[in-house]
>>> print(open('target_30.txt').read())   # compact mmCIF, C-alpha atoms
# COMPACT_ATOMS: atom_id res chain seq x y z
CA MET A 1 180.62 190.40 148.57
CA ASP A 2 177.93 192.93 149.54
CA LEU A 3 179.48 193.25 152.99
CA ILE A 4 182.92 193.84 151.47
CA LEU A 5 181.62 196.51 149.08
CA PHE A 6 179.69 198.22 151.86
CA SER A 7 182.79 198.22 154.10
CA LEU A 8 185.01 199.55 151.31
CA ASN A 9 182.56 202.36 150.61
CA ALA A 10 182.36 203.25 154.31
CA ARG A 11 186.16 203.25 154.58
CA LEU A 12 186.46 205.53 151.54
CA ASP A 13 183.95 207.96 153.04
CA GLY A 14 185.84 207.89 156.33
CA PHE A 15 189.15 208.93 154.77
CA PHE A 16 187.98 212.45 154.03
CA ARG A 17 185.34 212.95 156.71
CA GLN A 18 187.71 215.01 158.89
CA ASN A 19 190.65 217.28 157.97
CA LYS A 20 189.68 216.90 154.32
CA LEU A 21 192.12 219.48 152.93
CA GLN A 22 195.02 218.12 154.96
CA ARG A 23 194.39 214.54 153.85
CA VAL A 24 193.95 215.53 150.21
CA LEU A 25 197.27 217.37 150.33
CA LEU A 26 198.99 214.38 151.94
CA LEU A 27 197.53 212.04 149.31
CA GLY A 28 198.63 214.38 146.52
CA GLY A 29 202.12 214.60 148.00
CA GLY A 30 202.27 210.81 148.21
CA ILE A 31 201.29 210.45 144.55
CA VAL A 32 204.02 212.93 143.57
CA LEU A 33 206.57 210.96 145.61
CA SER A 34 205.44 207.71 144.00
CA GLY A 35 206.04 209.28 140.60
CA PHE A 36 209.50 210.47 141.64
CA TYR A 37 210.52 207.07 143.00
CA GLY A 38 209.05 205.37 139.93
CA TRP A 39 211.27 207.54 137.71
CA LEU A 40 214.28 207.03 140.01
CA PHE A 41 214.08 203.22 140.01
CA SER A 42 213.41 203.15 136.26
CA TYR A 43 216.59 205.18 135.80
CA LEU A 44 218.50 202.75 138.03
CA LEU A 45 217.20 199.82 135.97
CA GLU A 46 218.30 201.51 132.76
CA GLN A 47 221.74 202.20 134.22
CA ALA A 48 222.00 198.58 135.36
CA ARG A 49 221.17 197.39 131.83
CA THR A 50 223.64 199.70 130.06
CA THR A 51 226.63 199.93 132.42
CA GLY A 52 226.50 196.52 134.07
CA ASP A 53 227.89 197.75 137.41
CA THR A 54 224.75 196.43 139.10
CA SER A 55 222.61 193.75 137.50
CA VAL A 56 218.94 194.30 136.66
CA SER A 57 218.04 191.39 138.94
CA GLU A 58 219.75 193.09 141.89
CA VAL A 59 217.87 196.36 141.30
CA ILE A 60 214.53 194.53 141.10
CA GLY A 61 215.46 192.73 144.32
CA TYR A 62 216.12 196.13 145.94
CA ILE A 63 212.71 197.33 144.72
CA ASN A 64 210.98 194.34 146.33
CA LEU A 65 212.93 194.83 149.57
CA PHE A 66 211.95 198.51 149.48
CA VAL A 67 208.26 197.56 149.16
CA LEU A 68 208.59 194.93 151.89
CA GLY A 69 210.43 197.18 154.33
CA ILE A 70 208.37 200.35 153.89
CA THR A 71 205.07 198.46 154.23
CA ILE A 72 206.06 196.85 157.52
CA ILE A 73 207.76 199.95 158.92
CA ARG A 74 204.74 202.10 157.99
CA GLY A 75 202.73 200.11 160.51
CA PHE A 76 204.99 201.30 163.32
CA PHE A 77 206.58 204.59 162.21
CA PRO A 78 206.06 207.53 162.37
CA ALA A 79 203.02 206.37 164.36
CA TYR A 80 201.63 202.96 165.23
CA VAL A 81 198.78 201.90 162.95
CA PRO A 82 196.30 199.58 164.69
CA LYS A 83 194.84 196.47 163.20
CA LEU A 84 191.44 197.27 161.73
CA ASP A 85 188.70 195.96 164.01
CA LEU A 86 185.98 196.25 161.41
CA ILE A 87 183.56 193.61 162.70
CA PRO A 88 183.52 193.12 166.49
CA LYS A 89 183.32 189.54 167.65
CA LEU A 90 179.96 190.33 169.23
CA TYR A 91 178.31 190.03 165.81
CA PRO A 92 177.33 186.51 164.68
CA ILE A 93 179.63 186.37 161.68
CA LYS A 94 181.82 183.36 161.02
CA PRO A 95 185.55 183.94 161.68
CA LEU A 96 186.52 183.00 158.12
CA LYS A 97 184.05 185.49 156.64
CA ARG A 98 185.25 188.20 159.03
CA PHE A 99 188.84 187.48 157.97
CA TRP A 100 188.09 187.77 154.23
CA VAL A 101 186.10 190.97 154.75
CA GLU A 102 188.70 192.72 156.90
CA LEU A 103 191.70 191.80 154.73
CA PRO A 104 190.69 193.67 151.52
CA VAL A 105 189.34 196.59 153.54
CA GLU A 106 192.72 196.93 155.29
CA LEU A 107 194.47 196.87 151.93
CA PHE A 108 192.17 199.66 150.72
CA SER A 109 194.21 202.55 152.15
CA PRO A 110 195.91 205.71 150.81
CA PHE A 111 199.35 204.30 151.63
CA ASN A 112 198.79 201.12 149.63
CA PHE A 113 197.26 203.15 146.79
CA ILE A 114 200.44 205.25 146.61
CA LEU A 115 202.64 202.15 146.74
CA VAL A 116 200.69 200.37 143.97
CA ASN A 117 200.79 203.58 141.95
CA PHE A 118 204.58 203.51 142.28
CA LEU A 119 204.73 199.91 141.01
CA PHE A 120 202.49 200.59 138.01
CA LEU A 121 204.48 203.70 137.08
CA LEU A 122 207.66 201.66 137.29
CA PHE A 123 206.10 199.00 135.06
CA ILE A 124 205.20 201.68 132.49
CA LEU A 125 208.54 203.53 132.62
CA ALA A 126 210.99 200.60 132.79
CA PRO A 127 210.96 197.93 130.03
CA GLU A 128 213.20 195.76 132.24
CA TYR A 129 210.45 195.61 134.86
CA THR A 130 208.10 193.09 133.25
CA PHE A 131 204.51 192.13 134.05
CA MET A 132 205.82 189.05 135.88
CA HIS A 133 207.96 191.29 138.09
CA LEU A 134 204.95 193.53 138.74
CA LEU A 135 202.87 190.57 139.92
CA GLN A 136 205.73 189.42 142.13
CA SER A 137 206.07 192.87 143.72
CA ILE A 138 202.34 192.91 144.44
CA MET A 139 202.72 189.54 146.16
CA VAL A 140 205.61 191.01 148.16
CA LEU A 141 203.27 193.86 149.17
CA LEU A 142 200.60 191.37 150.27
CA THR A 143 203.18 189.35 152.22
CA ALA A 144 204.41 192.50 153.95
CA HIS A 145 200.84 193.44 154.86
CA VAL A 146 200.15 189.99 156.34
CA THR A 147 203.43 190.23 158.28
CA LYS A 148 202.37 193.60 159.69
CA ARG A 149 198.92 192.20 160.45
CA SER A 150 200.41 189.26 162.36
CA LEU A 151 202.61 191.59 164.41
CA GLN A 152 199.58 193.73 165.23
CA VAL A 153 197.68 190.69 166.49
CA MET A 154 200.63 189.65 168.67
CA VAL A 155 200.93 193.17 170.04
CA GLU A 156 197.29 193.99 170.69
CA ARG A 157 195.76 190.74 171.93
CA LYS A 158 196.42 188.00 174.43
CA MET A 159 197.40 184.68 172.93
CA ARG A 160 196.51 181.08 173.78
CA TRP A 161 199.97 179.66 173.23
CA LEU A 162 199.06 175.97 173.53
CA HIS A 163 195.79 176.14 171.61
CA ILE A 164 195.38 174.07 168.46
CA ASN A 165 194.85 177.24 166.41
CA PHE A 166 198.17 178.68 167.51
CA LEU A 167 199.94 175.39 166.77
CA SER A 168 198.31 175.37 163.32
CA ALA A 169 199.57 178.93 162.76
CA VAL A 170 203.07 177.81 163.73
CA VAL A 171 202.99 174.89 161.27
CA LEU A 172 201.78 177.06 158.38
CA GLY A 173 204.24 179.78 159.31
CA ALA A 174 207.05 177.22 159.25
CA ALA A 175 205.94 176.12 155.76
CA PHE A 176 206.09 179.75 154.62
CA VAL A 177 209.58 180.18 156.07
CA ALA A 178 210.77 176.94 154.46
CA LEU A 179 209.58 178.09 151.03
CA GLN A 180 211.18 181.50 151.53
CA VAL A 181 214.52 179.94 152.46
CA ARG A 182 214.38 177.84 149.31
CA LEU A 183 213.10 180.61 147.01
CA PRO A 184 213.00 184.11 148.57
CA MET A 185 210.08 186.16 147.35
CA TYR A 186 212.06 189.37 147.02
CA ASN A 187 214.44 187.85 144.45
CA PRO A 188 213.14 188.50 140.90
CA ALA A 189 211.26 185.54 139.46
CA SER A 190 212.95 183.81 136.54
CA SER A 191 209.87 181.86 135.43
CA TRP A 192 206.14 181.63 136.00
CA PHE A 193 206.75 178.53 138.13
CA ASP A 194 208.50 180.77 140.66
CA LEU A 195 205.30 182.82 140.95
CA VAL A 196 203.34 179.63 141.64
CA VAL A 197 205.73 178.82 144.50
CA HIS A 198 205.36 182.37 145.82
CA MET A 199 201.57 182.07 145.68
CA ALA A 200 201.77 178.82 147.67
CA ALA A 201 203.98 180.54 150.26
CA LEU A 202 201.58 183.49 150.49
CA GLY A 203 198.63 181.11 150.89
CA ALA A 204 200.39 179.33 153.77
CA PHE A 205 201.14 182.70 155.38
CA LEU A 206 197.52 183.82 155.05
CA GLY A 207 196.44 180.58 156.70
CA ALA A 208 198.93 181.18 159.51
CA ASN A 209 197.54 184.68 160.04
CA TYR A 210 193.97 183.37 160.11
CA PHE A 211 194.74 180.74 162.77
CA LEU A 212 196.76 183.31 164.72
CA GLU A 213 193.66 185.51 164.93
CA LEU A 214 191.61 182.54 166.15
CA ALA A 215 194.24 181.87 168.82
CA ALA A 216 193.97 185.46 170.07
CA PHE A 217 191.08 185.72 172.50
CA GLU A 218 190.89 189.20 174.08
CA PRO A 219 192.62 192.61 174.10
CA LYS A 220 195.44 193.16 176.52
CA ARG A 221 194.27 195.10 179.52
CA LYS A 222 195.74 197.95 181.47
CA VAL A 223 197.33 197.25 184.84
CA VAL A 224 198.38 200.25 186.91
CA ASN A 225 200.88 199.62 189.68
CA TYR A 226 200.86 202.48 192.16
CA SER A 227 203.98 203.19 194.15
CA HIS A 228 204.23 204.91 197.50
CA ASN A 229 208.00 205.26 197.26
CA LYS A 230 208.65 208.98 197.62
CA HIS A 231 212.05 208.64 195.98
CA ARG A 232 210.56 207.65 192.64
CA SER A 233 210.13 210.67 190.39
CA LEU A 234 206.88 211.78 188.84
CA SER A 235 208.42 211.34 185.40
CA TRP A 236 209.07 207.65 186.10
CA ARG A 237 205.54 207.12 187.42
CA LEU A 238 204.04 208.85 184.38
CA PHE A 239 206.05 206.52 182.17
CA LYS A 240 205.19 203.40 184.16
CA ASN A 241 201.47 203.96 184.68
CA SER A 242 200.55 205.54 181.33
CA LYS A 243 200.29 202.23 179.54
CA GLN A 244 199.23 203.45 176.11
CA ALA A 245 202.03 206.01 175.96
CA ARG A 246 204.54 203.55 177.43
CA GLN A 247 203.74 200.82 174.94
CA LEU A 248 203.91 203.16 171.97
CA LEU A 249 207.24 204.50 173.22
CA LEU A 250 208.59 200.99 173.73
CA PHE A 251 207.51 200.04 170.20
CA GLY A 252 209.31 203.08 168.85
CA LEU A 253 212.44 202.41 170.87
CA GLY A 254 212.31 198.76 169.81
CA LEU A 255 212.12 199.82 166.16
CA LYS A 256 215.09 202.13 166.68
CA LEU A 257 216.99 199.32 168.37
CA ILE A 258 216.33 197.03 165.38
CA ILE A 259 217.53 199.67 162.88
CA LEU A 260 220.69 200.46 164.86
CA GLY A 261 221.28 196.76 165.49
CA ALA A 262 221.04 196.02 161.77
CA ASP A 263 223.50 198.82 161.04
CA ALA A 264 225.86 197.50 163.71
CA ALA A 265 225.65 193.99 162.23
CA VAL A 266 226.39 195.26 158.71
CA PHE A 267 229.29 197.34 160.02
CA THR A 268 230.73 194.37 161.89
CA ALA A 269 230.41 192.09 158.86
CA LYS A 270 231.35 194.44 156.00
CA GLY A 271 232.86 197.55 157.58
CA ILE A 272 230.20 199.88 156.09
CA HIS A 273 227.04 201.48 157.49
CA ILE A 274 223.51 201.13 156.12
CA TYR A 275 223.15 204.90 155.82
CA ASP A 276 226.04 204.91 153.32
CA LYS A 277 223.51 203.49 150.85
CA ASN A 278 220.30 205.02 152.26
CA LEU A 279 220.52 208.41 153.95
CA THR A 280 216.96 208.18 155.30
CA ILE A 281 218.28 205.83 158.01
CA TRP A 282 219.75 208.93 159.68
CA ILE A 283 216.22 209.83 160.81
CA PHE A 284 216.38 207.01 163.37
CA PHE A 285 219.56 208.36 164.96
CA GLY A 286 217.70 211.26 166.55
CA PRO A 287 214.78 211.11 169.01
CA ALA A 288 212.16 211.93 166.35
CA ILE A 289 210.40 208.63 166.90
CA ILE A 290 209.36 209.36 170.50
CA TYR A 291 207.90 212.71 169.45
CA SER A 292 205.99 211.34 166.47
CA TYR A 293 204.61 208.51 168.61
CA VAL A 294 203.58 210.43 171.76
CA PHE A 295 205.00 213.88 172.41
CA ASN A 296 203.43 215.65 169.46
CA ASN A 297 200.22 214.99 171.43
CA THR A 298 201.37 215.20 175.05
CA TRP A 299 198.03 216.33 176.43
CA GLY A 300 196.16 213.62 174.55
CA PHE A 301 198.15 210.98 176.44
CA TYR A 302 198.53 212.90 179.70
CA LYS A 303 195.28 214.83 179.85
CA ASN A 304 195.02 214.45 183.63
CA LEU A 305 198.39 216.15 183.97
CA TRP A 306 197.11 219.01 181.84
CA LEU A 307 193.96 219.25 183.96
CA THR A 308 196.03 219.32 187.16
CA VAL A 309 198.17 222.18 185.87
CA GLU A 310 195.14 224.04 184.55
CA ARG A 311 193.28 223.81 187.88
CA ALA A 312 196.37 224.63 189.97
CA ASN A 313 197.65 227.73 188.20
CA GLY A 314 197.55 227.38 184.44
CA SER A 315 200.42 229.73 183.68
CA ALA A 316 202.54 229.33 180.55
CA LYS A 317 205.58 228.53 182.70
CA ASP A 318 203.73 225.74 184.51
CA PHE A 319 202.54 224.21 181.25
CA PHE A 320 206.06 224.30 179.88
CA LYS A 321 207.48 222.53 182.95
CA ALA A 322 204.66 219.97 182.95
CA SER A 323 205.29 219.19 179.27
CA LEU A 324 208.88 218.23 180.07
CA ILE A 325 208.07 215.86 182.95
CA PRO A 326 206.78 212.86 180.92
CA LEU A 327 209.52 213.43 178.31
CA ARG A 328 212.45 212.75 180.65
CA VAL A 329 212.42 208.97 180.95
CA PRO A 330 211.75 208.17 177.25
CA LEU A 331 214.41 210.66 176.17
CA LEU A 332 216.89 209.12 178.61
CA LEU A 333 216.19 205.62 177.24
CA ASP A 334 216.49 206.84 173.66
CA ALA A 335 219.78 208.59 174.38
CA ALA A 336 221.14 205.50 176.17
CA ILE A 337 220.41 203.30 173.12
CA LEU A 338 222.16 205.73 170.80
CA ALA A 339 225.11 206.19 173.18
CA ALA A 340 225.71 202.43 173.30
CA TYR A 341 225.58 202.24 169.51
CA VAL A 342 228.03 205.14 169.08
CA ALA A 343 230.41 203.79 171.74
CA PHE A 344 230.78 200.38 170.10
CA PHE A 345 230.03 200.80 166.38
CA ASN A 346 230.29 204.39 165.17
CA HIS A 347 233.19 206.46 166.48
CA GLN A 348 233.80 208.25 163.17
CA ASP A 349 230.44 210.07 163.18
CA ALA A 350 230.18 210.53 166.95
CA VAL A 351 230.56 214.34 166.91
CA PHE A 352 227.89 214.88 164.25
CA ILE A 353 225.49 212.43 165.93
CA LEU A 354 225.88 214.18 169.30
CA VAL A 355 225.38 217.69 167.87
CA MET A 356 222.47 216.56 165.69
CA TYR A 357 220.81 214.78 168.61
CA VAL A 358 220.96 217.82 170.90
CA ALA A 359 219.69 220.07 168.11
CA THR A 360 216.82 217.66 167.39
CA VAL A 361 215.74 217.75 171.05
CA LEU A 362 215.89 221.57 171.07
CA VAL A 363 213.79 221.78 167.90
CA LEU A 364 211.25 218.99 168.40
CA THR A 365 210.49 219.69 172.08
CA PRO A 366 209.07 223.18 171.40
CA LEU A 367 207.32 221.85 168.30
CA GLY A 368 205.76 219.02 170.32
CA ILE A 369 204.49 221.45 172.97
CA LEU A 370 203.05 223.65 170.22
CA ALA A 371 201.38 220.67 168.51
CA SER A 372 199.90 219.46 171.81
CA PHE A 373 198.02 222.77 172.19
CA VAL A 374 197.20 223.57 168.58
CA SER A 375 196.38 220.08 167.25
CA PRO A 376 195.51 217.74 170.15
CA LYS A 377 194.02 214.36 169.39
CA VAL A 378 191.80 212.26 171.60
CA VAL A 379 193.47 209.03 172.68
CA LYS A 380 190.51 206.69 172.78
CA GLY A 381 189.56 203.08 172.28
CA SER A 382 190.82 200.02 174.08
CA MET A 383 194.12 200.02 175.90
CA MET A 384 195.80 198.44 172.91
CA SER A 385 194.04 200.49 170.24
CA PHE A 386 196.46 202.91 168.61
CA SER A 387 194.45 204.79 166.02
CA ALA A 388 194.87 208.53 165.43
CA LYS A 389 197.20 209.23 168.32
CA THR A 390 199.15 212.20 166.93
CA SER A 391 198.72 214.82 164.25
CA TYR A 392 199.84 213.66 160.80
CA LEU A 393 200.63 217.26 159.86
CA TYR A 394 202.99 217.83 162.80
CA ASN A 395 204.56 214.39 162.37
CA MET A 396 205.43 215.28 158.79
CA LEU A 397 206.69 218.68 159.92
CA SER A 398 208.88 216.98 162.54
CA LEU A 399 210.41 214.70 159.92
CA LEU A 400 210.98 217.69 157.61
CA LEU A 401 212.85 219.55 160.37
CA VAL A 402 214.93 216.48 161.15
CA GLY A 403 215.79 216.30 157.45
CA LEU A 404 217.02 219.91 157.59
CA LEU A 405 219.18 219.04 160.60
CA LEU A 406 220.88 216.37 158.47
CA LEU A 407 222.03 218.91 155.85
CA PRO A 408 225.48 219.42 157.49
CA LEU A 409 226.30 215.98 156.10
CA LEU A 410 226.51 217.76 152.74
CA HIS A 411 228.62 220.69 153.94
CA PRO A 412 229.74 221.80 157.46
CA LEU A 413 228.66 225.38 156.73
CA LEU A 414 225.04 224.19 156.98
CA TYR A 415 225.48 223.87 160.74
CA LEU A 416 224.39 227.52 160.69
CA LEU A 417 220.85 226.22 160.14
CA TYR A 418 220.79 224.79 163.66
CA PRO A 419 220.47 228.05 165.66
CA VAL A 420 217.94 229.38 163.13
CA LEU A 421 215.68 226.32 163.40
CA ILE A 422 216.00 226.20 167.20
CA LEU A 423 215.13 229.91 167.49
CA ILE A 424 212.11 229.58 165.18
CA ALA A 425 210.80 226.55 167.13
CA ILE A 426 211.23 228.30 170.50
CA LEU A 427 209.56 231.52 169.31
CA ALA A 428 206.62 229.55 167.89
CA MET A 429 206.23 227.67 171.18
CA VAL A 430 206.39 230.88 173.24
CA ALA A 431 203.74 232.49 171.02
CA VAL A 432 201.40 229.54 171.57
CA LEU A 433 202.04 229.33 175.34
CA LYS A 434 201.24 233.03 175.73
CA GLN A 435 197.90 232.38 174.04
CA ASN A 436 197.19 229.12 175.92
CA ARG A 437 193.99 230.59 177.36
CA GLN A 438 192.58 230.82 173.84
CA TYR A 439 193.20 227.11 173.37
CA LYS A 440 191.88 226.18 176.82
CA HIS A 441 188.20 225.63 176.02
CA GLU A 442 188.80 223.88 172.71
CA LEU A 443 191.41 221.60 174.24
CA PHE A 444 189.22 220.81 177.25
CA GLY A 445 186.25 220.07 175.04
CA ARG A 446 188.26 217.83 172.76
CA LEU A 447 189.97 215.86 175.53
CA PHE A 448 187.23 215.57 178.14
CA LYS A 449 183.94 215.92 176.24
CA ALA A 450 184.71 213.66 173.29
CA ASP A 451 182.75 210.79 174.79
CA ALA A 452 180.07 212.91 176.44
>>> encode(input="target_30.txt", output="structure tokens")
Amino acid sequence: MDLILFSLNARLDGFFRQNKLQRVLLLGGGIVLSGFYGWLFSYLLEQARTTGDTSVSEVIGYINLFVLGITIIRGFFPAYVPKLDLIPKLYPIKPLKRFWVELPVELFSPFNFILVNFLFLLFILAPEYTFMHLLQSIMVLLTAHVTKRSLQVMVERKMRWLHINFLSAVVLGAAFVALQVRLPMYNPASSWFDLVVHMAALGAFLGANYFLELAAFEPKRKVVNYSHNKHRSLSWRLFKNSKQARQLLLFGLGLKLIILGADAAVFTAKGIHIYDKNLTIWIFFGPAIIYSYVFNNTWGFYKNLWLTVERANGSAKDFFKASLIPLRVPLLLDAAILAAYVAFFNHQDAVFILVMYVATVLVLTPLGILASFVSPKVVKGSMMSFSAKTSYLYNMLSLLLVGLLLLPLLHPLLYLLYPVLILIAILAMVAVLKQNRQYKHELFGRLFKADA
């Protein structure tokens, strides 16, 4: 217990050690959003009780699915969140103790605080949302966190597939799936016995996660394959050999593929799109994910490219051209995924998607170049460590701008926002590039002297 309390205290101190004002503002904004969503869902529950168009049970099920989805997605978007490596395996601490120390410390985060705040506000505001439903939603939150944790282990570490620990994880995971098929956790509980079943399922899932960690034996390592083929472009080689950037981009593109695939499946089955019910899905139609993952911190991932340009000439024009080189291949892959989706599943919105996509590229590319100079972050740690890779401030700004680009869905006249936003982004980028010499020493010191 002393180790847990010490770790929690250290984690709390670490939240506001750097960029204190920015993080306080983000936390305050999150609390305000939790209050808004608490009021919104309480209103939906009241409407379900009075009108009967949608049952109270269905709304509570949507709330649990919302908690489940946002917790898992938060681990991968807008930036990958690494699994907390609180106690290195070098220290002589038993694996079970390490597991029970790291788990509560991981849960002790601003995001989870905001989410729990939302659930408690909903419990206070909505009489239909009982204490039993609150406990069930918290179990859904824990299940989502363990799911995210398991995915992080699979992503970041090599696995002994035939080891007894992995087989044990498979057996316990199968027990969890069997219980979920019989009694899904996101469906509102009708009795306290249902909560007991959910607790048993969560216990099996925790056991599966514990054995999965034991089956993982070392971080995945970087392998660089050099090519002497002169016909292969520099942009392809930057994508292929920059493993951290490539893996983050592939995670982002995979997440986009899952979202678009789910929408395609719903459209094929029911003839409607997911974004008809949730407009936030539109964010995944543009290329915002590849900027928030990597290209809001281009020089953090491609610092040797920056150093080459700086030593060769260092003009604003050269920096601009160099910034575009690593962007080409990821943007081409992203556009290909969206083009396939539009060609087969979404002809009716094809014009808007195309115009919005081009406008997003023209807005976020200058913003990403600006962010890479003004707010660079050091990409450090192991090859599969993904902490603090891009600026939270510029990621939020990117999502805000993408939201503004979606306003023509409300009225076509709002297309007039597009040239305004593009012009503002370009002018801001030009202003920063003209002053790149002022950022030179700070950027060099941050990227190359961080470990000195």
>>> closest_residue(input="target_30.txt", among="A:Leu443, A:Val146, A:Val155, A:Leu364", to="A:Leu400", atoms="only C-alpha atoms")
A:Leu364
>>> residues_around(input="target_30.txt", residues="stretch 52-61 of chain A", least_positions_apart="5", cutoff="10 Å", atoms="all atoms listed in the file", output="list in words")
Phe41, Ser42, Leu44, Leu45, Glu46, Gln47, Phe66, Val67, Glu128, Tyr129, His133, Leu134, Ser137, Pro184, Met185, Tyr186, Asn187, Pro188, Ala189 and Ser190 of chain A
>>> closest_atom_pairs(input="target_30.txt", of="stretch 344-403 of chain A", to="stretch 429-434 of chain A", cutoff="9 Å", atoms="all atoms listed in the file", output="tab-separated table")
residue	atom	partner	partner_atom	distance
A:Pro366	CA	A:Met429	CA	5.3
A:Leu367	CA	A:Met429	CA	6.6
A:Gly368	CA	A:Met429	CA	8.7
A:Ile369	CA	A:Met429	CA	6.7
A:Leu370	CA	A:Met429	CA	5.2
A:Ala371	CA	A:Met429	CA	8.9
A:Phe373	CA	A:Val432	CA	7.6
A:Val374	CA	A:Val432	CA	7.9
>>> residues_around(input="target_30.txt", residues="stretch 438-440 of chain A", least_positions_apart="2", cutoff="12 Å", atoms="all atoms listed in the file", output="PyMOL selection string")
chain A and resi 299+306-307+309-311+314-316+319+370-376+431-436+442-448
>>> residues_around(input="target_30.txt", residues="A:Leu179", least_positions_apart="2", cutoff="12 Å", atoms="all atoms listed in the file", output="VMD selection string")
chain A and resid 172 to 177 181 to 185 194 to 205
>>> axis_aligned_box(input="target_30.txt", around="stretch 326-343 of chain A", padding_each_side="3 Å", output="JSON")
{"center_x": 218.6, "center_y": 207.8, "center_z": 175.0, "size_x": 29.6, "size_y": 17.2, "size_z": 17.9}
>>> closest_residue(input="target_30.txt", among="A:Leu214, A:Trp192, A:Gln180, A:Ala340", to="A:Met154", atoms="all atoms listed in the file")
A:Leu214
>>> closest_residue(input="target_30.txt", among="A:Thr298, A:Pro326, A:Lys83, A:Val24", to="A:Asn241", atoms="all atoms listed in the file")
A:Pro326
>>> closest_residue(input="target_30.txt", among="A:Met139, A:Ile93, A:Val294, A:Ile281", to="A:Lys389", atoms="all atoms listed in the file")
A:Val294
>>> atom_distance(input="target_30.txt", atom1="atom CA of A:Ala215", atom2="atom CA of A:Glu106")
20.3 Å
>>> atom_distance(input="target_30.txt", atom1="atom CA of A:Val342", atom2="atom CA of A:Leu354")
9.3 Å
>>> atom_distance(input="target_30.txt", atom1="atom CA of A:Glu102", atom2="atom CA of A:Leu84")
7.2 Å
>>> closest_residue(input="target_30.txt", among="A:Leu212, A:Ile124, A:Ile424, A:Met356", to="A:Gly403", atoms="all atoms listed in the file")
A:Met356
>>> closest_residue(input="target_30.txt", among="A:Ser233, A:Ser391, A:Asn9, A:Asn304", to="A:Arg23", atoms="all atoms listed in the file")
A:Ser391
>>> residues_around(input="target_30.txt", residues="A:Ser235", least_positions_apart="5", cutoff="9 Å", atoms="all atoms listed in the file", output="list of chain:residue names")
A:Lys240, A:Leu324, A:Ile325, A:Pro326, A:Leu327, A:Arg328, A:Val329
>>> build_atoms(input="target_30.txt", residues="stretch 25-36 of chain A", atoms="N, CA and C atoms", output="PDB file, keeping the file's coordinate frame")
ATOM      1  N   LEU A  25     195.909 216.918 150.589  1.00  0.00           N
ATOM      2  CA  LEU A  25     197.270 217.370 150.330  1.00  0.00           C
ATOM      3  C   LEU A  25     198.287 216.257 150.583  1.00  0.00           C
ATOM      4  N   LEU A  26     198.082 215.498 151.656  1.00  0.00           N
ATOM      5  CA  LEU A  26     198.990 214.380 151.940  1.00  0.00           C
ATOM      6  C   LEU A  26     198.905 213.315 150.846  1.00  0.00           C
ATOM      7  N   LEU A  27     197.688 213.022 150.384  1.00  0.00           N
ATOM      8  CA  LEU A  27     197.530 212.040 149.310  1.00  0.00           C
ATOM      9  C   LEU A  27     198.188 212.532 148.027  1.00  0.00           C
ATOM     10  N   GLY A  28     197.996 213.818 147.707  1.00  0.00           N
ATOM     11  CA  GLY A  28     198.630 214.380 146.520  1.00  0.00           C
ATOM     12  C   GLY A  28     200.147 214.346 146.619  1.00  0.00           C
ATOM     13  N   GLY A  29     200.676 214.677 147.815  1.00  0.00           N
ATOM     14  CA  GLY A  29     202.120 214.600 148.000  1.00  0.00           C
ATOM     15  C   GLY A  29     202.642 213.181 147.857  1.00  0.00           C
ATOM     16  N   GLY A  30     201.871 212.208 148.338  1.00  0.00           N
ATOM     17  CA  GLY A  30     202.270 210.810 148.210  1.00  0.00           C
ATOM     18  C   GLY A  30     202.298 210.358 146.761  1.00  0.00           C
ATOM     19  N   ILE A  31     201.324 210.813 145.974  1.00  0.00           N
ATOM     20  CA  ILE A  31     201.290 210.450 144.550  1.00  0.00           C
ATOM     21  C   ILE A  31     202.495 211.055 143.824  1.00  0.00           C
ATOM     22  N   VAL A  32     202.832 212.308 144.174  1.00  0.00           N
ATOM     23  CA  VAL A  32     204.020 212.930 143.570  1.00  0.00           C
ATOM     24  C   VAL A  32     205.277 212.150 143.928  1.00  0.00           C
ATOM     25  N   LEU A  33     205.406 211.751 145.194  1.00  0.00           N
ATOM     26  CA  LEU A  33     206.570 210.960 145.610  1.00  0.00           C
ATOM     27  C   LEU A  33     206.615 209.619 144.899  1.00  0.00           C
ATOM     28  N   SER A  34     205.451 208.987 144.708  1.00  0.00           N
ATOM     29  CA  SER A  34     205.440 207.710 144.000  1.00  0.00           C
ATOM     30  C   SER A  34     205.922 207.883 142.562  1.00  0.00           C
ATOM     31  N   GLY A  35     205.549 208.992 141.940  1.00  0.00           N
ATOM     32  CA  GLY A  35     206.040 209.280 140.600  1.00  0.00           C
ATOM     33  C   GLY A  35     207.543 209.496 140.575  1.00  0.00           C
ATOM     34  N   PHE A  36     208.051 210.231 141.578  1.00  0.00           N
ATOM     35  CA  PHE A  36     209.500 210.470 141.640  1.00  0.00           C
ATOM     36  C   PHE A  36     210.271 209.171 141.821  1.00  0.00           C
TER      37      PHE A  36
END
